[in-house]
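Asks: For reference, this is input-v7.csv, and it has CSV, C-alpha atoms.
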chain,number,residue,atom,x,y,z
A,1,MET,CA,68.1,114.6,112.7
A,2,GLY,CA,68.0,113.3,109.1
A,3,GLY,CA,68.5,109.8,107.6
A,4,VAL,CA,71.4,107.5,108.3
A,5,THR,CA,73.2,105.1,106.0
A,6,LEU,CA,74.6,101.8,107.1
A,7,MET,CA,77.2,100.8,104.5
A,8,ILE,CA,78.3,97.1,104.2
A,9,CYS,CA,81.5,96.4,102.4
A,10,GLN,CA,80.8,93.8,99.7
A,11,THR,CA,84.5,93.2,98.9
A,12,CYS,CA,85.4,91.8,102.4
A,13,ARG,CA,86.6,88.2,102.3
A,14,ARG,CA,87.4,87.8,106.0
A,15,VAL,CA,85.3,87.0,109.0
A,16,ALA,CA,86.1,88.6,112.3
A,17,GLY,CA,89.5,89.6,110.9
A,18,GLY,CA,90.5,86.0,110.2
A,19,PRO,CA,92.2,84.6,107.1
A,20,PRO,CA,90.7,85.5,103.7
A,21,GLU,CA,88.0,83.1,102.5
A,22,THR,CA,87.7,82.1,98.8
A,23,GLU,CA,84.1,80.8,98.6
A,24,GLU,CA,81.2,82.8,97.3
A,25,PRO,CA,79.1,84.6,98.4
A,26,ARG,CA,81.7,86.5,100.3
A,27,PRO,CA,81.3,87.2,104.0
A,28,GLY,CA,80.5,90.9,103.2
A,29,ALA,CA,77.6,89.7,101.0
A,30,ARG,CA,76.4,87.3,103.7
A,31,LEU,CA,76.4,90.1,106.2
A,32,LEU,CA,74.4,92.3,103.9
A,33,GLY,CA,71.8,89.7,103.3
A,34,ARG,CA,71.3,89.1,107.1
A,35,LEU,CA,71.0,92.9,107.8
A,36,GLU,CA,68.6,93.4,104.9
A,37,ALA,CA,66.4,90.6,106.4
A,38,ALA,CA,66.3,92.2,109.8
A,39,CYS,CA,64.3,95.1,111.3
A,40,LEU,CA,65.9,98.5,111.2
A,41,PRO,CA,64.4,101.9,112.0
A,42,ASP,CA,62.8,103.7,109.0
A,43,THR,CA,65.5,106.3,109.3
A,44,VAL,CA,68.3,103.8,108.5
A,45,THR,CA,69.0,102.9,104.9
A,46,ILE,CA,71.3,99.9,104.1
A,47,ARG,CA,73.7,100.4,101.3
A,48,PRO,CA,76.1,97.8,99.8
A,49,VAL,CA,79.4,99.5,99.0
A,50,ALA,CA,82.7,98.6,97.3
A,51,CYS,CA,85.9,98.1,99.3
A,52,LEU,CA,86.3,100.4,102.4
A,53,SER,CA,90.1,99.8,102.2
A,54,ALA,CA,90.3,98.2,105.6
A,55,CYS,CA,90.7,94.7,104.1
A,56,THR,CA,92.6,93.1,106.9
A,57,ARG,CA,89.8,94.0,109.3
A,58,GLY,CA,86.9,92.4,107.4
A,59,CYS,CA,84.0,92.3,107.6
A,60,THR,CA,83.7,96.0,107.7
A,61,ILE,CA,80.8,98.4,107.9
A,62,ALA,CA,80.4,102.2,108.1
A,63,LEU,CA,77.7,104.5,109.5
A,64,SER,CA,77.1,108.1,108.2
A,65,GLY,CA,74.2,110.5,108.4
A,66,GLY,CA,74.3,113.8,106.7
A,67,PRO,CA,76.5,116.8,107.2
A,68,LYS,CA,76.0,117.1,111.0
A,69,ARG,CA,77.0,113.6,112.1
A,70,TRP,CA,80.4,112.0,112.7
A,71,SER,CA,80.9,108.9,110.4
A,72,TYR,CA,82.2,105.7,111.9
A,73,ILE,CA,84.0,102.6,110.4
A,74,TYR,CA,83.9,99.3,112.2
A,75,GLY,CA,85.7,96.0,111.4
A,76,ASP,CA,86.5,92.4,112.4
A,77,LEU,CA,82.7,91.7,112.1
A,78,ASP,CA,81.2,88.2,111.8
A,79,PRO,CA,78.0,87.7,109.7
A,80,ASP,CA,77.0,84.8,112.1
A,81,ARG,CA,77.5,86.6,115.4
A,82,HIS,CA,77.2,90.4,115.0
A,83,VAL,CA,73.9,91.2,113.2
A,84,GLU,CA,72.0,92.0,116.4
A,85,ALA,CA,74.7,94.2,117.8
A,86,ILE,CA,75.1,96.1,114.5
A,87,LEU,CA,71.3,96.7,114.4
A,88,GLU,CA,71.4,98.0,117.9
A,89,GLY,CA,74.3,100.2,117.3
A,90,ALA,CA,72.9,101.6,114.0
A,91,ALA,CA,69.6,102.4,115.8
A,92,ARG,CA,71.4,104.3,118.6
A,93,TYR,CA,73.5,106.2,116.0
A,94,ALA,CA,70.3,107.1,114.1
A,95,ALA,CA,68.7,108.4,117.4
A,96,SER,CA,71.7,110.6,118.2
A,97,GLU,CA,72.1,114.3,117.2
A,98,ASP,CA,75.7,114.1,115.9
A,99,GLY,CA,76.4,110.4,115.7
A,100,ARG,CA,78.4,110.3,118.9
A,101,VAL,CA,76.6,107.7,121.1
A,102,PRO,CA,77.6,107.7,124.7
A,103,TRP,CA,80.3,105.0,125.4
A,104,ARG,CA,78.2,102.9,127.7
A,105,GLU,CA,75.3,102.9,125.3
A,106,ARG,CA,77.3,101.4,122.4
A,107,PRO,CA,77.3,97.7,121.7
A,108,GLU,CA,80.6,96.1,122.6
A,109,ILE,CA,81.6,95.6,119.0
A,110,PHE,CA,81.2,99.4,118.5
A,111,ARG,CA,83.4,100.1,121.5
A,112,LYS,CA,86.1,97.5,120.7
A,113,GLN,CA,86.1,97.2,116.9
A,114,SER,CA,86.2,100.8,115.8
A,115,ILE,CA,88.7,101.4,112.9
A,116,ALA,CA,88.3,105.1,112.6
A,117,ARG,CA,85.8,108.0,112.6
A,118,LEU,CA,85.5,111.2,110.5
A,119,PRO,CA,84.1,114.5,111.8
A,120,PRO,CA,80.9,116.1,110.3
A,121,GLN,CA,81.5,117.9,107.1
A,122,ASP,CA,79.8,121.1,108.5
B,1,MET,CA,85.1,119.9,91.7
B,2,GLY,CA,84.7,121.8,94.9
B,3,GLY,CA,86.9,122.4,97.9
B,4,VAL,CA,88.8,119.8,99.8
B,5,THR,CA,89.4,119.5,103.6
B,6,LEU,CA,92.7,118.1,105.0
B,7,MET,CA,91.9,117.1,108.6
B,8,ILE,CA,94.8,116.7,111.1
B,9,CYS,CA,94.1,114.8,114.3
B,10,GLN,CA,95.2,116.9,117.2
B,11,THR,CA,94.8,114.1,119.8
B,12,CYS,CA,97.5,111.8,118.3
B,13,ARG,CA,100.4,111.1,120.7
B,14,ARG,CA,102.3,108.7,118.4
B,15,VAL,CA,104.8,109.2,115.6
B,16,ALA,CA,104.7,106.7,112.7
B,17,GLY,CA,102.6,104.4,114.8
B,18,GLY,CA,105.3,104.1,117.6
B,19,PRO,CA,104.8,104.3,121.3
B,20,PRO,CA,102.7,107.1,122.8
B,21,GLU,CA,104.7,110.3,123.6
B,22,THR,CA,103.9,112.4,126.6
B,23,GLU,CA,105.5,115.7,125.8
B,24,GLU,CA,103.7,118.8,124.4
B,25,PRO,CA,102.9,119.9,121.8
B,26,ARG,CA,101.7,116.5,120.6
B,27,PRO,CA,102.8,115.0,117.4
B,28,GLY,CA,99.4,115.8,115.8
B,29,ALA,CA,99.9,119.5,116.7
B,30,ARG,CA,103.4,119.5,115.3
B,31,LEU,CA,102.1,118.0,112.1
B,32,LEU,CA,99.4,120.6,111.9
B,33,GLY,CA,101.9,123.4,112.3
B,34,ARG,CA,104.2,122.1,109.6
B,35,LEU,CA,101.3,121.7,107.1
B,36,GLU,CA,100.0,125.1,107.9
B,37,ALA,CA,103.4,126.6,107.2
B,38,ALA,CA,103.6,124.8,103.8
B,39,CYS,CA,102.1,125.6,100.4
B,40,LEU,CA,98.8,124.0,99.5
B,41,PRO,CA,96.5,124.6,96.5
B,42,ASP,CA,93.8,127.2,97.2
B,43,THR,CA,91.2,124.5,96.9
B,44,VAL,CA,92.6,122.7,100.0
B,45,THR,CA,91.6,123.8,103.5
B,46,ILE,CA,93.5,122.6,106.6
B,47,ARG,CA,91.3,121.8,109.6
B,48,PRO,CA,92.5,120.6,113.0
B,49,VAL,CA,90.1,118.0,114.3
B,50,ALA,CA,89.6,116.0,117.5
B,51,CYS,CA,90.5,112.3,117.8
B,52,LEU,CA,89.8,110.2,114.6
B,53,SER,CA,89.6,107.1,116.8
B,54,ALA,CA,92.6,105.4,115.1
B,55,CYS,CA,94.9,106.1,118.1
B,56,THR,CA,97.3,103.2,117.6
B,57,ARG,CA,98.0,104.4,114.1
B,58,GLY,CA,99.0,108.1,114.9
B,59,CYS,CA,99.7,110.5,113.5
B,60,THR,CA,96.5,110.3,111.5
B,61,ILE,CA,94.9,112.6,108.9
B,62,ALA,CA,91.8,112.5,106.7
B,63,LEU,CA,90.9,113.9,103.3
B,64,SER,CA,87.3,114.7,102.3
B,65,GLY,CA,85.8,116.9,99.7
B,66,GLY,CA,82.0,117.4,99.4
B,67,PRO,CA,79.3,114.9,98.5
B,68,LYS,CA,80.9,113.6,95.4
B,69,ARG,CA,84.3,112.5,96.7
B,70,TRP,CA,85.4,109.4,98.6
B,71,SER,CA,87.0,110.3,102.0
B,72,TYR,CA,90.3,108.7,103.0
B,73,ILE,CA,92.0,108.2,106.4
B,74,TYR,CA,95.7,107.7,106.7
B,75,GLY,CA,97.9,106.8,109.6
B,76,ASP,CA,101.4,106.0,111.0
B,77,LEU,CA,102.5,109.5,109.9
B,78,ASP,CA,105.6,111.3,111.0
B,79,PRO,CA,105.6,115.1,111.3
B,80,ASP,CA,109.3,115.1,110.5
B,81,ARG,CA,109.3,113.0,107.4
B,82,HIS,CA,105.9,113.0,105.7
B,83,VAL,CA,104.9,116.7,105.2
B,84,GLU,CA,105.9,116.8,101.6
B,85,ALA,CA,104.2,113.5,100.7
B,86,ILE,CA,101.0,114.6,102.5
B,87,LEU,CA,101.0,117.9,100.5
B,88,GLU,CA,101.5,116.1,97.2
B,89,GLY,CA,98.7,113.6,98.0
B,90,ALA,CA,96.3,116.3,99.1
B,91,ALA,CA,96.9,118.2,95.9
B,92,ARG,CA,96.3,115.1,93.7
B,93,TYR,CA,93.2,114.3,95.7
B,94,ALA,CA,91.9,117.9,95.2
B,95,ALA,CA,92.6,117.6,91.4
B,96,SER,CA,90.5,114.4,91.2
B,97,GLU,CA,86.9,114.2,90.3
B,98,ASP,CA,85.8,111.7,93.0
B,99,GLY,CA,88.8,111.5,95.3
B,100,ARG,CA,90.1,108.3,93.8
B,101,VAL,CA,93.6,109.1,92.6
B,102,PRO,CA,95.2,106.4,90.4
B,103,TRP,CA,97.4,104.0,92.4
B,104,ARG,CA,100.6,105.0,90.7
B,105,GLU,CA,100.0,108.7,91.2
B,106,ARG,CA,99.6,108.4,95.0
B,107,PRO,CA,102.5,109.1,97.3
B,108,GLU,CA,103.9,105.9,98.9
B,109,ILE,CA,102.4,106.8,102.3
B,110,PHE,CA,98.9,107.0,100.7
B,111,ARG,CA,99.4,103.6,99.1
B,112,LYS,CA,100.8,101.8,102.2
B,113,GLN,CA,99.4,103.7,105.2
B,114,SER,CA,95.7,103.9,104.3
B,115,ILE,CA,93.5,103.0,107.3
B,116,ALA,CA,90.1,103.1,105.6
B,117,ARG,CA,88.0,105.1,103.1
B,118,LEU,CA,84.3,106.0,102.9
B,119,PRO,CA,82.2,106.4,99.8
B,120,PRO,CA,80.7,109.7,98.7
B,121,GLN,CA,77.4,110.6,100.4
B,122,ASP,CA,75.6,111.0,97.1
As structure tokens - that is how I would like this structure written.

Replies:
Amino acid sequence: MGGVTLMICQTCRRVAGGPPETEEPRPGARLLGRLEAACLPDTVTIRPVACLSACTRGCTIALSGGPKRWSYIYGDLDPDRHVEAILEGAARYAASEDGRVPWRERPEIFRKQSIARLPPQD
Amino acid sequence: MGGVTLMICQTCRRVAGGPPETEEPRPGARLLGRLEAACLPDTVTIRPVACLSACTRGCTIALSGGPKRWSYIYGDLDPDRHVEAILEGAARYAASEDGRVPWRERPEIFRKQSIARLPPQD
């Protein structure tokens, strides 16, 4: 089914869609650090990325996985509260054929905090 | 620079992010029809797609173009008012190397109604 990339926006200054923070490291960088320190399936690669242009919805992440999978963008994430759910959602995404995980198998943040998705390029 | 795909969500029931409409054809289908009837560069392919999961922001569209371009998702579009601007924005996107059109060269709807973007898969 091919490898999956979990992208973490490094520009995000918001936590859970709240007001922008000014201190460093930014919330997006804190989220990256916590995900990199956690256990992910070998098929998932973490990639820090520049602004995903969904700035009012920070922290934001995206999942993509080759030409046969839908891509998903999620927002309003919190580096302190959502690491476990992101890991669970990324693992389920990586285990899927086309990226579309059945609704009931998605963590709550993937059901309620989706910003958008894109179809496979194929 | 490779071909570009302009995706039009066919599930969208809203116009310019307004309340959901119930009549058929849906706003997303009307937008598709108007874009298909218009002139686009040969390098741009129009593709009707299922729900982009940005339903409160309908009508929605997305632009992607191979492994070297950023992908963009736009919303709050109106089939009656935004066809020309979508065509202009898609042509500029297709003429770009990596999908990132300079800010001043983007039509207003691409500056103000962006929902999110995704980095190139490369």

Asks: Around the point (77.7, 98.7, 102.3), in the coordinates given by the file, pick out the residues reaching within 6 Å, counting all atoms listed in the file, and return them as a ChimeraX atom specification.

Replies: /A:7-9,47-49

Asks: Please identify all residues of chain B having at least one atom at most 8 Å from any atom of chain A, considering only C-alpha atoms, and return them as JSON, numbers by chain.

Replies: {"B": [49, 52, 53, 54, 62, 66, 73, 114, 115, 116, 117, 118, 119, 121]}

Asks: Can you tell me, as a list in words, which residues sit within 6 Å of (85.8, 92.6, 109.6) in the file's frame, using only C-alpha atoms?

Replies: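 Result, sorted by chain then residue number: Val15, Ala16, Gly17, Arg57, Gly58, Cys59, Thr60, Gly75, Asp76 and Leu77 of chain A.
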
Asks: Provide the CA of Asp98 in chain A to CA of Ala85 in chain A distance in Å, to one decimal place.

Replies: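 Taking CA of Asp98 in chain A and CA of Ala85 in chain A, their separation equals 20.0 Å.
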
Asks: Pick from A:Ala29, A:Glu88, A:Ala94, A:Arg81: nearest to Phe110 in chain A, with only C-alpha atoms counted?

Replies: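 Smallest separation from Phe110 in chain A among the options: A:Glu88.
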
Asks: Would you mind telling me which residue in A:Pro79, A:Gly18, A:Gly28, A:Gly2 lies nearest to Glu97 in chain A when using only C-alpha atoms?

Replies: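 Looking only at the distances to Glu97 in chain A, the closest residue turns out to be A:Gly2.
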
Asks: So that I can check the surroundings of Glu24 in chain A, please list as a list in words every protein, DNA and RNA residue that reaches within 12 Å of it, counting only C-alpha atoms and ignoring chain neighbours fewer than 5 positions away.

Replies: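 Non-adjacent residues within range: Gln10, Thr11, Cys12, Arg13, Arg14, Ala29 and Arg30 of chain A.
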
Asks: Deliver the residues from the most recent selection as a file, using C-alpha atoms, as a compact mmCIF listing (two decimals), keeping the file's coordinate frame.

Replies:
# COMPACT_ATOMS: atom_id res chain seq x y z
CA GLN A 10 80.80 93.80 99.70
CA THR A 11 84.50 93.20 98.90
CA CYS A 12 85.40 91.80 102.40
CA ARG A 13 86.60 88.20 102.30
CA ARG A 14 87.40 87.80 106.00
CA ALA A 29 77.60 89.70 101.00
CA ARG A 30 76.40 87.30 103.70

Asks: Quick one, how far is CA of Ala90 in chain B from CA of Arg106 in chain B?

Replies: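 Taking CA of Ala90 in chain B and CA of Arg106 in chain B, their separation equals 9.5 Å.
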
Asks: Return the single residue from A:Gly89, A:Pro107, A:Pro27, A:Gly33 that is closest to Ile46 in chain A, with distances computed using all atoms listed in the file.

Replies: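 That would be A:Gly33, the residue with the smallest distance to Ile46 in chain A.
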
Asks: Report, in Å with one decimal, the straight-line distance from CA of Asp42 in chain A to CA of Arg100 in chain A.

Replies: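 One can read the CA of Asp42 in chain A to CA of Arg100 in chain A distance as 19.6 Å.
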
Asks: I need range 35-51 of chain B from the structure I supplied, saved as a PDB file, in the first residue's frame with C-alpha atoms retained.

Replies:
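The resulting file, selection.pdb, is shown below:
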ATOM      1  CA  LEU B  35     -16.176  25.717 -16.206  1.00  0.00           C
ATOM      2  CA  GLU B  36     -16.471  22.949 -18.782  1.00  0.00           C
ATOM      3  CA  ALA B  37     -18.129  25.395 -21.180  1.00  0.00           C
ATOM      4  CA  ALA B  38     -15.285  27.921 -20.772  1.00  0.00           C
ATOM      5  CA  CYS B  39     -11.812  28.213 -22.280  1.00  0.00           C
ATOM      6  CA  LEU B  40      -8.930  26.719 -20.329  1.00  0.00           C
ATOM      7  CA  PRO B  41      -5.308  26.153 -21.337  1.00  0.00           C
ATOM      8  CA  ASP B  42      -4.647  22.698 -22.832  1.00  0.00           C
ATOM      9  CA  THR B  43      -2.511  21.904 -19.811  1.00  0.00           C
ATOM     10  CA  VAL B  44      -5.522  22.106 -17.440  1.00  0.00           C
ATOM     11  CA  THR B  45      -7.896  19.147 -17.099  1.00  0.00           C
ATOM     12  CA  ILE B  46     -11.250  19.594 -15.368  1.00  0.00           C
ATOM     13  CA  ARG B  47     -12.261  16.734 -13.091  1.00  0.00           C
ATOM     14  CA  PRO B  48     -15.539  16.399 -11.167  1.00  0.00           C
ATOM     15  CA  VAL B  49     -14.803  14.903  -7.742  1.00  0.00           C
ATOM     16  CA  ALA B  50     -16.705  13.671  -4.697  1.00  0.00           C
ATOM     17  CA  CYS B  51     -16.892  15.644  -1.455  1.00  0.00           C
TER      18      CYS B  51
END
